[in-house]
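work25.cif (mmCIF, C-alpha atoms) appears below.
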```cif
data_query
loop_
_atom_site.label_atom_id
_atom_site.label_comp_id
_atom_site.auth_asym_id
_atom_site.auth_seq_id
_atom_site.Cartn_x
_atom_site.Cartn_y
_atom_site.Cartn_z
CA MET A 257 17.82 -0.05 2.17
CA VAL A 258 17.49 3.56 3.33
CA GLY A 259 13.79 3.02 3.95
CA ALA A 260 14.53 0.01 6.09
CA ALA A 261 17.02 1.94 8.19
CA VAL A 262 14.61 4.84 8.56
CA ARG A 263 11.90 2.41 9.68
CA LEU A 264 14.22 1.15 12.39
CA LEU A 265 15.05 4.67 13.46
CA ARG A 266 11.39 5.63 13.61
CA GLY A 267 10.81 2.65 15.87
CA SER A 268 13.59 3.80 18.17
CA ARG A 269 12.07 7.27 18.52
CA LEU A 270 9.02 5.74 20.14
CA LEU A 271 11.18 4.59 23.03
CA THR A 272 11.36 6.70 26.13
CA GLY A 273 13.95 7.21 28.84
CA ASN A 274 17.52 8.43 28.91
CA VAL A 275 20.82 6.66 29.33
CA PRO A 276 22.03 7.25 32.91
CA THR A 277 24.86 9.72 33.29
CA CYS A 278 26.50 8.02 36.24
CA LEU A 279 27.67 4.51 36.95
CA SER A 280 25.21 2.46 39.00
CA SER A 281 24.17 -1.16 39.12
CA TRP A 282 22.99 -2.70 35.82
CA ASN A 283 23.01 0.62 33.94
CA ILE A 284 24.87 1.40 30.76
CA PRO A 285 27.78 3.86 31.03
CA PRO A 286 27.19 7.18 29.21
CA HIS A 287 30.29 7.45 27.05
CA VAL A 288 30.64 4.02 25.47
CA LEU A 289 32.91 3.69 22.46
CA LYS A 290 33.94 7.32 22.64
CA TYR A 291 37.36 6.40 21.30
CA SER A 292 36.02 4.56 18.26
CA GLN A 293 32.97 6.45 17.11
CA SER A 294 32.29 5.35 13.54
CA LYS A 295 31.40 7.66 10.70
CA ALA A 296 29.42 7.18 7.54
CA SER A 297 31.44 6.26 4.48
CA LEU A 298 32.18 8.85 1.84
CA ASN A 299 32.66 5.96 -0.62
CA LEU A 300 36.13 7.14 -1.51
CA SER A 301 38.12 4.95 -3.86
CA ASN A 302 41.55 4.74 -5.41
CA ASN A 303 41.81 2.94 -8.74
CA GLY A 304 38.64 1.05 -7.94
CA LEU A 305 39.80 -0.06 -4.49
CA SER A 306 38.06 1.04 -1.33
CA SER A 307 40.23 3.40 0.68
CA VAL A 308 38.14 3.80 3.82
CA PRO A 309 38.88 2.16 7.19
CA LEU A 310 37.05 -1.02 8.19
CA GLN A 311 35.20 0.91 10.87
CA THR A 312 33.75 3.35 8.36
CA PHE A 313 30.14 2.43 7.63
CA THR A 314 27.57 3.39 5.04
CA LYS A 315 24.90 5.81 6.19
CA GLU A 316 22.38 2.98 6.28
CA GLU A 317 24.65 0.74 8.37
CA LEU A 318 25.32 3.55 10.80
CA MET A 319 21.62 4.40 11.15
CA ILE A 320 20.71 0.81 11.92
CA LYS A 321 23.65 0.42 14.32
CA ASN A 322 22.60 3.52 16.27
CA SER A 323 18.96 2.44 16.29
CA VAL A 324 19.87 -0.98 17.70
CA LYS A 325 22.07 0.67 20.33
CA LYS A 326 19.10 2.74 21.54
CA PHE A 327 16.80 -0.26 21.52
CA ALA A 328 19.28 -2.33 23.52
CA GLN A 329 19.94 0.36 26.11
CA GLN A 330 16.35 1.44 26.59
CA GLN A 331 14.32 -1.76 26.21
CA ILE A 332 16.69 -4.63 26.91
CA ALA A 333 19.02 -3.27 29.62
CA PRO A 334 16.30 -2.80 32.30
CA LEU A 335 15.33 -6.49 31.98
CA VAL A 336 18.75 -8.13 31.76
CA SER A 337 19.23 -8.86 35.47
CA THR A 338 15.75 -10.34 35.87
CA MET A 339 16.04 -12.47 32.76
CA ASP A 340 19.41 -13.78 33.90
CA LYS A 341 18.07 -14.59 37.37
CA ASN A 342 14.95 -16.33 36.03
CA SER A 343 16.70 -18.02 33.10
CA GLU A 344 13.94 -16.79 30.84
CA MET A 345 13.72 -14.40 27.93
CA ASP A 346 11.10 -11.72 28.42
CA LYS A 347 8.47 -12.00 25.70
CA SER A 348 8.54 -8.25 25.13
CA ILE A 349 12.18 -8.52 24.02
CA ILE A 350 11.37 -11.10 21.35
CA GLN A 351 8.44 -8.98 20.20
CA GLY A 352 10.69 -5.94 20.13
CA LEU A 353 13.24 -7.69 17.94
CA PHE A 354 10.53 -8.43 15.39
CA GLN A 355 9.07 -4.92 15.62
CA GLN A 356 12.50 -3.36 15.06
CA GLY A 357 13.08 -5.51 11.98
CA LEU A 358 16.04 -7.29 13.59
CA MET A 359 14.87 -10.86 12.96
CA GLY A 360 15.15 -10.54 9.20
CA VAL A 361 18.06 -8.17 8.64
CA GLU A 362 19.17 -9.64 5.30
CA VAL A 363 15.80 -11.00 4.19
CA ASP A 364 14.31 -9.43 1.08
CA THR A 365 11.70 -6.76 1.75
CA LYS A 366 9.13 -8.74 -0.25
CA TYR A 367 9.13 -11.26 2.62
CA GLY A 368 8.94 -8.54 5.26
CA GLY A 369 12.68 -8.36 5.86
CA THR A 370 14.87 -5.31 6.27
CA GLY A 371 16.82 -6.01 3.07
CA ALA A 372 20.15 -5.02 4.59
CA SER A 373 23.59 -6.62 4.34
CA PHE A 374 25.45 -9.41 6.13
CA PHE A 375 27.74 -6.78 7.64
CA THR A 376 24.67 -5.05 9.05
CA SER A 377 23.70 -8.31 10.77
CA VAL A 378 27.15 -8.39 12.35
CA LEU A 379 26.73 -4.83 13.63
CA VAL A 380 23.30 -5.68 15.05
CA ILE A 381 24.63 -8.72 16.91
CA GLU A 382 27.56 -6.75 18.30
CA GLU A 383 25.36 -3.94 19.61
CA LEU A 384 22.89 -6.35 21.25
CA ALA A 385 25.71 -8.31 22.89
CA LYS A 386 27.07 -5.16 24.52
CA VAL A 387 23.92 -5.26 26.63
CA ASP A 388 22.88 -8.94 26.69
CA ALA A 389 24.53 -11.88 24.96
CA SER A 390 21.37 -14.00 25.29
CA VAL A 391 19.38 -11.60 23.14
CA ALA A 392 22.30 -11.35 20.72
CA VAL A 393 22.50 -15.11 20.15
CA LEU A 394 18.76 -15.31 19.51
CA CYS A 395 19.14 -12.67 16.80
CA ASP A 396 22.37 -14.21 15.54
CA ILE A 397 20.93 -17.69 14.95
CA GLN A 398 17.85 -16.26 13.24
CA ASN A 399 19.88 -14.14 10.83
CA THR A 400 23.14 -15.95 10.14
CA LEU A 401 21.81 -19.53 10.17
CA ILE A 402 18.04 -19.92 9.80
CA ASN A 403 17.17 -17.11 7.39
CA LYS A 404 20.44 -17.54 5.52
CA LEU A 405 19.96 -21.25 4.87
CA ILE A 406 16.35 -20.90 3.76
CA GLY A 407 17.24 -17.90 1.62
CA LYS A 408 20.06 -19.80 -0.10
CA HIS A 409 18.57 -23.27 -0.47
CA GLY A 410 14.82 -22.97 -0.05
CA THR A 411 12.30 -23.23 -2.88
CA GLU A 412 10.24 -20.18 -3.77
CA GLU A 413 7.32 -21.69 -1.88
CA GLN A 414 9.44 -22.40 1.20
CA GLN A 415 10.84 -18.89 1.19
CA ALA A 416 7.43 -17.30 0.77
CA THR A 417 6.01 -19.40 3.60
CA TYR A 418 8.80 -19.44 6.14
CA LEU A 419 10.77 -16.24 5.57
CA THR A 420 7.56 -14.25 5.89
CA GLN A 421 6.92 -15.91 9.26
CA LEU A 422 10.53 -15.64 10.41
CA THR A 423 10.62 -11.89 9.83
CA SER A 424 7.35 -11.22 11.65
CA GLU A 425 6.60 -13.70 14.42
CA LYS A 426 8.39 -17.05 14.30
CA VAL A 427 11.72 -17.87 15.93
CA GLY A 428 13.92 -20.47 14.22
CA SER A 429 16.18 -23.13 15.72
CA PHE A 430 19.11 -25.03 14.19
CA CYS A 431 19.28 -28.71 15.18
CA LEU A 432 22.60 -30.42 14.54
CA SER A 433 24.33 -31.45 17.79
CA GLU A 434 23.67 -34.80 19.47
CA ALA A 435 25.03 -36.73 22.45
CA GLY A 436 27.64 -38.41 20.26
CA ALA A 437 27.96 -35.64 17.71
CA GLY A 438 29.46 -32.47 19.14
CA SER A 439 32.63 -31.30 17.40
CA ASP A 440 32.27 -34.46 15.30
CA SER A 441 28.86 -33.25 14.18
CA PHE A 442 28.58 -35.52 11.14
CA ALA A 443 28.55 -38.57 13.41
CA LEU A 444 24.89 -37.81 14.10
CA LYS A 445 22.50 -40.75 14.52
CA THR A 446 19.11 -39.11 13.94
CA ARG A 447 17.49 -40.87 10.97
CA ALA A 448 14.93 -39.88 8.36
CA ASP A 449 13.35 -42.91 6.68
CA LYS A 450 11.39 -42.37 3.48
CA ASN A 451 7.78 -43.54 3.49
CA GLY A 452 5.90 -42.52 0.37
CA ASP A 453 5.71 -38.74 0.16
CA TYR A 454 6.94 -38.39 3.73
CA TYR A 455 10.07 -38.91 5.75
CA VAL A 456 9.81 -40.27 9.29
CA ILE A 457 12.39 -38.81 11.67
CA ASN A 458 13.58 -40.64 14.79
CA GLY A 459 16.38 -39.63 17.12
CA SER A 460 17.41 -36.91 19.55
CA LYS A 461 19.31 -33.64 19.65
CA LEU A 462 21.18 -31.82 22.42
CA TRP A 463 22.20 -28.21 23.12
CA ILE A 464 19.57 -26.76 20.80
CA SER A 465 19.46 -22.97 21.14
CA ASN A 466 16.13 -21.12 20.94
CA ALA A 467 14.25 -24.43 21.26
CA GLU A 468 11.90 -23.31 24.02
CA TYR A 469 10.29 -20.55 21.96
CA ALA A 470 11.09 -21.65 18.40
CA GLY A 471 8.29 -22.18 15.90
CA LEU A 472 10.47 -23.72 13.21
CA PHE A 473 13.31 -26.24 13.48
CA LEU A 474 15.96 -26.91 10.82
CA VAL A 475 16.72 -30.53 11.60
CA MET A 476 19.74 -32.42 10.30
CA ALA A 477 18.93 -36.12 9.92
CA ASN A 478 20.46 -38.92 7.89
CA ALA A 479 18.18 -40.04 5.06
CA ASP A 480 20.65 -42.68 3.85
CA PRO A 481 22.92 -43.99 6.64
CA ALA A 482 24.69 -46.27 4.15
CA MET A 483 26.14 -43.11 2.56
CA GLY A 484 27.59 -41.93 5.86
CA TYR A 485 27.64 -38.16 6.32
CA LYS A 486 26.65 -37.77 2.64
CA GLY A 487 23.18 -38.97 3.61
CA ILE A 488 22.62 -36.04 5.96
CA THR A 489 19.60 -34.00 4.87
CA CYS A 490 18.04 -30.82 6.23
CA PHE A 491 14.33 -30.86 7.09
CA LEU A 492 11.99 -27.98 7.93
CA VAL A 493 9.98 -29.14 10.95
CA ASP A 494 7.19 -27.04 12.45
CA ARG A 495 6.89 -26.90 16.22
CA ASP A 496 3.43 -28.45 16.37
CA THR A 497 4.46 -31.54 14.37
CA GLU A 498 3.32 -34.68 16.17
CA GLY A 499 6.15 -36.62 17.79
CA LEU A 500 8.44 -33.62 18.32
CA HIS A 501 9.19 -33.24 22.04
CA ILE A 502 11.09 -30.30 23.52
CA GLY A 503 12.87 -31.10 26.77
CA LYS A 504 13.58 -29.05 29.87
CA PRO A 505 15.96 -26.10 29.33
CA GLU A 506 19.53 -26.61 30.54
CA ASN A 507 20.58 -24.79 33.73
CA LYS A 508 23.57 -22.99 32.26
CA MET A 509 26.44 -20.94 33.64
CA GLY A 510 25.89 -18.12 31.16
CA LEU A 511 23.47 -17.08 28.41
CA ARG A 512 20.83 -17.95 30.97
CA ALA A 513 17.99 -16.12 29.24
CA SER A 514 18.70 -18.06 26.05
CA SER A 515 16.92 -21.40 26.07
CA THR A 516 19.03 -24.48 25.35
CA CYS A 517 17.01 -27.69 25.27
CA PRO A 518 17.22 -31.34 24.22
CA LEU A 519 14.84 -32.50 21.49
CA THR A 520 13.36 -35.93 20.86
CA PHE A 521 11.87 -37.11 17.56
CA GLU A 522 9.45 -40.02 17.78
CA ASN A 523 8.12 -40.99 14.35
CA VAL A 524 7.95 -37.36 13.27
CA LYS A 525 6.34 -37.28 9.82
CA VAL A 526 7.71 -34.57 7.56
CA PRO A 527 6.44 -34.13 3.99
CA GLU A 528 8.99 -34.45 1.22
CA THR A 529 8.24 -30.84 0.29
CA ASN A 530 9.82 -29.80 3.61
CA ILE A 531 13.28 -30.94 2.60
CA LEU A 532 15.54 -27.89 2.43
CA GLY A 533 17.61 -28.07 -0.72
CA GLN A 534 18.64 -31.51 -1.92
CA VAL A 535 18.63 -34.88 -0.20
CA GLY A 536 22.10 -35.71 1.07
CA HIS A 537 23.35 -32.12 0.92
CA GLY A 538 22.61 -31.25 4.54
CA TYR A 539 26.24 -31.62 5.55
CA LYS A 540 27.22 -29.04 2.93
CA TYR A 541 24.57 -26.64 4.16
CA ALA A 542 25.64 -27.12 7.77
CA ILE A 543 29.28 -26.42 6.93
CA GLY A 544 28.40 -23.37 4.86
CA GLY A 545 26.00 -22.01 7.46
CA LEU A 546 28.41 -22.49 10.35
CA ASN A 547 31.27 -20.90 8.41
CA GLU A 548 29.29 -17.65 8.19
CA GLY A 549 27.69 -18.20 11.58
CA ARG A 550 31.12 -18.10 13.19
CA ILE A 551 31.41 -14.46 12.19
CA GLY A 552 28.16 -13.84 14.05
CA ILE A 553 29.59 -15.49 17.17
CA ALA A 554 32.73 -13.40 16.78
CA ALA A 555 30.52 -10.31 16.74
CA GLN A 556 28.67 -11.57 19.82
CA MET A 557 31.90 -12.14 21.76
CA LEU A 558 33.25 -8.78 20.59
CA GLY A 559 30.09 -7.14 21.91
CA VAL A 560 30.34 -8.97 25.24
CA ALA A 561 33.96 -7.90 25.71
CA GLN A 562 33.30 -4.32 24.60
CA GLY A 563 30.18 -3.99 26.74
CA CYS A 564 32.06 -5.14 29.81
CA PHE A 565 34.98 -2.82 29.05
CA ASP A 566 32.64 0.14 28.51
CA TYR A 567 30.99 -0.50 31.87
CA THR A 568 34.24 -0.85 33.77
CA ILE A 569 36.35 2.07 32.54
CA PRO A 570 34.14 4.83 34.05
CA TYR A 571 34.37 3.05 37.41
CA ILE A 572 38.15 2.89 37.52
CA LYS A 573 38.32 6.54 36.44
CA GLU A 574 36.22 7.52 39.47
CA ARG A 575 37.42 5.04 42.10
CA VAL A 576 40.03 6.66 44.37
CA GLN A 577 42.64 4.75 46.36
CA PHE A 578 45.83 6.06 47.97
CA GLY A 579 44.74 9.57 47.09
CA LYS A 580 44.33 9.15 43.33
CA ARG A 581 42.17 7.46 40.73
CA ILE A 582 43.09 3.84 40.31
CA PHE A 583 43.14 4.54 36.56
CA ASP A 584 46.20 6.75 37.21
CA PHE A 585 48.35 3.86 38.39
CA GLN A 586 50.70 2.98 35.56
CA SER A 587 50.35 -0.77 36.04
CA LEU A 588 46.59 -0.50 35.54
CA GLN A 589 47.00 1.84 32.58
CA HIS A 590 49.16 -0.75 30.87
CA GLN A 591 46.55 -3.45 31.47
CA VAL A 592 43.81 -1.22 30.07
CA ALA A 593 45.92 -0.38 27.02
CA HIS A 594 46.63 -4.05 26.41
CA VAL A 595 42.94 -4.97 26.62
CA ALA A 596 41.92 -2.06 24.37
CA THR A 597 44.41 -3.26 21.76
CA GLN A 598 43.00 -6.79 21.91
CA LEU A 599 39.47 -5.42 21.47
CA GLU A 600 40.51 -3.41 18.44
CA ALA A 601 42.24 -6.43 16.90
CA ALA A 602 39.13 -8.58 17.46
CA ARG A 603 36.93 -5.93 15.89
CA LEU A 604 39.10 -5.66 12.80
CA LEU A 605 39.23 -9.44 12.37
CA THR A 606 35.46 -9.66 12.70
CA TYR A 607 34.66 -6.76 10.38
CA ASN A 608 37.18 -7.93 7.79
CA SER A 609 35.71 -11.44 7.63
CA ALA A 610 32.21 -9.98 7.26
CA ARG A 611 33.32 -7.69 4.43
CA LEU A 612 34.98 -10.65 2.71
CA VAL A 613 31.65 -12.49 2.76
CA GLU A 614 29.93 -9.51 1.18
CA ALA A 615 32.63 -9.23 -1.48
CA GLY A 616 32.21 -12.88 -2.43
CA ARG A 617 35.82 -13.63 -1.55
CA PRO A 618 37.20 -16.63 0.39
CA PHE A 619 36.63 -16.09 4.10
CA ILE A 620 36.76 -19.44 5.93
CA LYS A 621 40.22 -18.90 7.43
CA GLU A 622 39.44 -15.32 8.38
CA ALA A 623 36.08 -16.31 9.91
CA SER A 624 37.78 -18.92 12.07
CA MET A 625 40.44 -16.41 13.10
CA ALA A 626 37.78 -13.90 14.08
CA LYS A 627 35.72 -16.44 16.01
CA TYR A 628 38.77 -17.90 17.77
CA TYR A 629 40.34 -14.59 18.73
CA ALA A 630 37.15 -12.78 19.74
CA SER A 631 36.07 -15.72 21.90
CA GLU A 632 39.44 -16.01 23.62
CA ILE A 633 39.80 -12.30 24.36
CA ALA A 634 36.20 -12.05 25.58
CA GLY A 635 37.14 -14.37 28.42
CA LEU A 636 40.33 -12.45 29.14
CA VAL A 637 38.74 -8.99 28.96
CA THR A 638 35.79 -9.82 31.18
CA SER A 639 38.09 -11.45 33.74
CA LYS A 640 40.31 -8.36 33.80
CA CYS A 641 37.30 -6.11 34.24
CA ILE A 642 36.29 -8.03 37.37
CA ASP A 643 39.85 -7.60 38.67
CA TRP A 644 39.74 -3.87 38.03
CA MET A 645 36.39 -3.39 39.76
CA GLY A 646 37.44 -5.48 42.73
CA GLY A 647 34.81 -6.74 45.14
CA VAL A 648 31.85 -5.05 43.47
CA GLY A 649 32.78 -6.67 40.17
CA TYR A 650 32.37 -10.07 41.80
CA THR A 651 28.80 -9.40 42.93
CA LYS A 652 25.55 -9.83 41.03
CA ASN A 653 24.62 -6.23 41.84
CA TYR A 654 26.65 -5.25 38.78
CA PRO A 655 26.66 -6.78 35.29
CA VAL A 656 30.41 -7.40 35.01
CA GLU A 657 30.29 -10.93 36.45
CA LYS A 658 27.47 -11.75 34.02
CA PHE A 659 29.59 -10.63 31.09
CA PHE A 660 32.27 -13.00 32.38
CA ARG A 661 29.84 -15.92 32.58
CA ASP A 662 28.40 -15.18 29.15
CA ALA A 663 31.84 -14.98 27.54
CA LYS A 664 32.80 -18.58 28.30
CA ILE A 665 30.45 -20.12 25.73
CA GLY A 666 32.33 -18.42 22.90
CA THR A 667 35.18 -20.92 23.05
CA ILE A 668 32.71 -23.82 22.94
CA TYR A 669 29.76 -23.42 20.58
CA GLU A 670 29.68 -23.18 16.79
CA GLY A 671 33.12 -24.77 16.76
CA THR A 672 35.44 -24.89 19.77
CA SER A 673 38.64 -22.87 19.81
CA ASN A 674 40.60 -26.01 18.92
CA ILE A 675 38.32 -26.62 15.92
CA GLN A 676 38.96 -23.06 14.77
CA LEU A 677 42.71 -23.52 15.11
CA SER A 678 42.53 -26.73 13.08
CA THR A 679 40.56 -24.94 10.36
CA ILE A 680 43.09 -22.11 10.26
CA ALA A 681 45.96 -24.57 10.07
CA ARG A 682 44.35 -26.48 7.17
CA SER A 683 43.91 -23.21 5.29
CA ILE A 684 47.55 -22.29 5.81
CA ASP A 685 48.62 -25.76 4.71
CA ALA A 686 46.65 -25.33 1.47
CA GLU A 687 48.08 -21.86 0.84
CA TYR A 688 51.73 -22.87 0.82
#
```
Using structure tokens, write down the structure from this file.
Amino acid sequence: MVGAAVRLLRGSRLLTGNVPTCLSSWNIPPHVLKYSQSKASLNLSNNGLSSVPLQTFTKEELMIKNSVKKFAQQQIAPLVSTMDKNSEMDKSIIQGLFQQGLMGVEVDTKYGGTGASFFTSVLVIEELAKVDASVAVLCDIQNTLINKLIGKHGTEEQQATYLTQLTSEKVGSFCLSEAGAGSDSFALKTRADKNGDYYVINGSKLWISNAEYAGLFLVMANADPAMGYKGITCFLVDRDTEGLHIGKPENKMGLRASSTCPLTFENVKVPETNILGQVGHGYKYAIGGLNEGRIGIAAQMLGVAQGCFDYTIPYIKERVQFGKRIFDFQSLQHQVAHVATQLEAARLLTYNSARLVEAGRPFIKEASMAKYYASEIAGLVTSKCIDWMGGVGYTKNYPVEKFFRDAKIGTIYEGTSNIQLSTIARSIDAEY
């Protein structure tokens, strides 16, 4: 673990350039998170119970967090505006994620992974999202869905083949949603018909993240429609498989550098050995993966909100109107204090749900709470930041309006806000 963190830090030392010390367009403010600087854990305990705050990290977690922060500020930040304008991820960013070990955070070192924890993945996603949510979601899907599912349910041969590729060069994509299967995802119509040692997949998918540059697709298809959703099976489909067609990327409001494409399957032959886990268990894997994946989205939305807040506060501390800083007006101070409290609450919800996962404790309700709350406040925080910056906040010369556009997706994907509320309510119903 320490070696992995040190490897990341060594990679960061190769980067050049300094963080700007003044606020200017598309630069990162110099004193981000000054009020919540985290410290390494002393591993204190009281009668076997941890007695350190949620924002106290292990030395390894803190090293990786700081390394990712440097990588994001020095390599990603200069390209964010161009990537957003062109709706295209710069190839150097994807290469950098692999080089920094960020595409296999939890994967065992024997497969080329970093061998870190789920909580570390959450920290990585949060730090990336403070600079660019598109890069964060690429890393999020790879770590909390693709690698996680293969690591949990893959055979030794599948893990040796695919995890090695996913940690070094190959991007993964999760294929569940369809035209008639959004929130009702198990209403999917894509079929997988058995033919000897192969399955033949036919159907289509929509809203598939990472599709444009993915080399591996985890495809949910029904291998036994007569069984309903209990026929849903997960297949490992390589990009170059004949009959797999990747459509034109969607022209989205936000996350513009993240590709989102439709997929079509026309008699796609997949060997039986490429079934992930058991036939008919795909719905279980999807539920399990999305339950943990929601914590990753919470971290992404937390990062978006925090990144926007960090960019805006230095501006309102310098901007003078009516002879004093606009930060000195009490009405604005109260707004800032309210937003800062919401950010802290979102962070604690997100970190707590991640720690519950690591502890092997129930976390579904807490994950939904974190995803719901972080997504909702990301929209509110980024909107407020535009208000505080005034006219310049509304222009594309500054990143605040992009944070606002990126935040909206949080209430939609990997379970809408209403889906999260329903999940929370079911949990409460079962508790009482």
Exercise. Run through the PyMOL selection byres ((chain A and resi 607) around 12) on the given coordinates and return the selected residues as a PyMOL selection string.
Key: chain A and resi 309-313+374-379+382+551-552+554-555+558+600-606+608-614+619+622-623+625-627+630
Quiz prompt | A:Gly407, A:Pro505, A:Gly452, A:Pro618 ranked by distance to Lys525 of chain A, top pick (using all atoms listed in the file) | solution =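 Of the candidates, the smallest distance to Lys525 of chain A is held by A:Gly452.
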Exercise. Skip Arg575 of chain A itself and residues of its chain fewer than 5 positions away, then list as a list in words all residues within 12 Å of it, counting only C-alpha atoms.
Key: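 Here the qualifying residues turn out to be Leu279, Thr568, Ile569, Pro570, Lys580, Arg581, Ile582, Phe583, Asp584, Phe585, Trp644, Met645, Gly646 and Val648 of chain A.
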Exercise. Dump as a ChimeraX atom specification all residues having an atom at most 9 Å from (32.3, -41.1, 4.9), computed in the file's coordinates with only C-alpha atoms.
Key: /A:483-486
Practice problem: Would you please work out which residue, of A:Tyr454, A:Leu532, A:Glu362, A:Leu353, is nearest to Thr411 of chain A when using all atoms listed in the file? | Solution: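 With all atoms listed in the file as the atom set, the closest residue is A:Leu532.
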Step by step: start from the point (45.1, -8.2, 32.1) in the file's coordinates, keep every protein, DNA or RNA residue that has an atom no farther than 12 Å from it, count only C-alpha atoms, and write the set as a short mmCIF file (atom, residue, chain, number, x, y, z; two decimals) with C-alpha atoms, in the coordinates of the input.
```cif
data_model
loop_
_atom_site.label_atom_id
_atom_site.label_comp_id
_atom_site.auth_asym_id
_atom_site.auth_seq_id
_atom_site.Cartn_x
_atom_site.Cartn_y
_atom_site.Cartn_z
CA PHE A 565 34.98 -2.82 29.05
CA SER A 587 50.35 -0.77 36.04
CA LEU A 588 46.59 -0.50 35.54
CA GLN A 589 47.00 1.84 32.58
CA HIS A 590 49.16 -0.75 30.87
CA GLN A 591 46.55 -3.45 31.47
CA VAL A 592 43.81 -1.22 30.07
CA ALA A 593 45.92 -0.38 27.02
CA HIS A 594 46.63 -4.05 26.41
CA VAL A 595 42.94 -4.97 26.62
CA ALA A 596 41.92 -2.06 24.37
CA THR A 597 44.41 -3.26 21.76
CA GLN A 598 43.00 -6.79 21.91
CA ILE A 633 39.80 -12.30 24.36
CA ALA A 634 36.20 -12.05 25.58
CA GLY A 635 37.14 -14.37 28.42
CA LEU A 636 40.33 -12.45 29.14
CA VAL A 637 38.74 -8.99 28.96
CA THR A 638 35.79 -9.82 31.18
CA SER A 639 38.09 -11.45 33.74
CA LYS A 640 40.31 -8.36 33.80
CA CYS A 641 37.30 -6.11 34.24
CA ILE A 642 36.29 -8.03 37.37
CA ASP A 643 39.85 -7.60 38.67
CA TRP A 644 39.74 -3.87 38.03
#
```
Using all atoms listed in the file, what does the table of segment 353-446 of chain A residues within 7 Å of segment 540-548 of chain A look like, with each row giving the shortest atom pair and its distance in Å to one decimal, sorted by chain and ascending number, as CSV?
```
residue,atom,partner,partner_atom,distance
A:Thr400,CA,A:Glu548,CA,6.7
A:Leu401,CA,A:Gly545,CA,5.6
A:Leu405,CA,A:Gly545,CA,6.6
```
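The spacing separating atom CA of Asn523 of chain A from atom CA of Pro481 of chain A amounts to 17.0 Å.
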Practice problem: Mind checking which residues fall within 12 Å of Gly410 of chain A, counting all atoms listed in the file, ignoring those fewer than 5 positions away in the same chain, and posting them as an NGL selection string? | Solution: :A and (402-405 or 415-419 or 474 or 490-492 or 529-534 or 541)
Output file for the selection above: C-alpha atoms, as a PDB file, in the coordinates of the input:
```
ATOM      1  CA  ILE A 402      18.040 -19.920   9.800  1.00  0.00           C
ATOM      2  CA  ASN A 403      17.170 -17.110   7.390  1.00  0.00           C
ATOM      3  CA  LYS A 404      20.440 -17.540   5.520  1.00  0.00           C
ATOM      4  CA  LEU A 405      19.960 -21.250   4.870  1.00  0.00           C
ATOM      5  CA  GLN A 415      10.840 -18.890   1.190  1.00  0.00           C
ATOM      6  CA  ALA A 416       7.430 -17.300   0.770  1.00  0.00           C
ATOM      7  CA  THR A 417       6.010 -19.400   3.600  1.00  0.00           C
ATOM      8  CA  TYR A 418       8.800 -19.440   6.140  1.00  0.00           C
ATOM      9  CA  LEU A 419      10.770 -16.240   5.570  1.00  0.00           C
ATOM     10  CA  LEU A 474      15.960 -26.910  10.820  1.00  0.00           C
ATOM     11  CA  CYS A 490      18.040 -30.820   6.230  1.00  0.00           C
ATOM     12  CA  PHE A 491      14.330 -30.860   7.090  1.00  0.00           C
ATOM     13  CA  LEU A 492      11.990 -27.980   7.930  1.00  0.00           C
ATOM     14  CA  THR A 529       8.240 -30.840   0.290  1.00  0.00           C
ATOM     15  CA  ASN A 530       9.820 -29.800   3.610  1.00  0.00           C
ATOM     16  CA  ILE A 531      13.280 -30.940   2.600  1.00  0.00           C
ATOM     17  CA  LEU A 532      15.540 -27.890   2.430  1.00  0.00           C
ATOM     18  CA  GLY A 533      17.610 -28.070  -0.720  1.00  0.00           C
ATOM     19  CA  GLN A 534      18.640 -31.510  -1.920  1.00  0.00           C
ATOM     20  CA  TYR A 541      24.570 -26.640   4.160  1.00  0.00           C
TER      21      TYR A 541
END
```
Quiz item: What do you get, as a ChimeraX atom specification, if you spell out every residue that the PyMOL selection byres ((chain A and resi 344) around 12) selects here?
Solution: /A:335-343,345-350,390-391,466,468-469,505-508,511-516
Could those residues be written to a file, using C-alpha atoms, as a compact mmCIF listing (two decimals), in the coordinates of the input?
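out-v1.txt written:
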```
# COMPACT_ATOMS: atom_id res chain seq x y z
CA LEU A 335 15.33 -6.49 31.98
CA VAL A 336 18.75 -8.13 31.76
CA SER A 337 19.23 -8.86 35.47
CA THR A 338 15.75 -10.34 35.87
CA MET A 339 16.04 -12.47 32.76
CA ASP A 340 19.41 -13.78 33.90
CA LYS A 341 18.07 -14.59 37.37
CA ASN A 342 14.95 -16.33 36.03
CA SER A 343 16.70 -18.02 33.10
CA MET A 345 13.72 -14.40 27.93
CA ASP A 346 11.10 -11.72 28.42
CA LYS A 347 8.47 -12.00 25.70
CA SER A 348 8.54 -8.25 25.13
CA ILE A 349 12.18 -8.52 24.02
CA ILE A 350 11.37 -11.10 21.35
CA SER A 390 21.37 -14.00 25.29
CA VAL A 391 19.38 -11.60 23.14
CA ASN A 466 16.13 -21.12 20.94
CA GLU A 468 11.90 -23.31 24.02
CA TYR A 469 10.29 -20.55 21.96
CA PRO A 505 15.96 -26.10 29.33
CA GLU A 506 19.53 -26.61 30.54
CA ASN A 507 20.58 -24.79 33.73
CA LYS A 508 23.57 -22.99 32.26
CA LEU A 511 23.47 -17.08 28.41
CA ARG A 512 20.83 -17.95 30.97
CA ALA A 513 17.99 -16.12 29.24
CA SER A 514 18.70 -18.06 26.05
CA SER A 515 16.92 -21.40 26.07
CA THR A 516 19.03 -24.48 25.35
```
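Evaluated against this file, the PyMOL selection byres ((chain A and resi 664) around 8) yields Gly510, Ser631, Ala634, Gly635, Phe660, Arg661, Asp662, Ala663, Ile665, Gly666, Thr667 and Ile668 of chain A.
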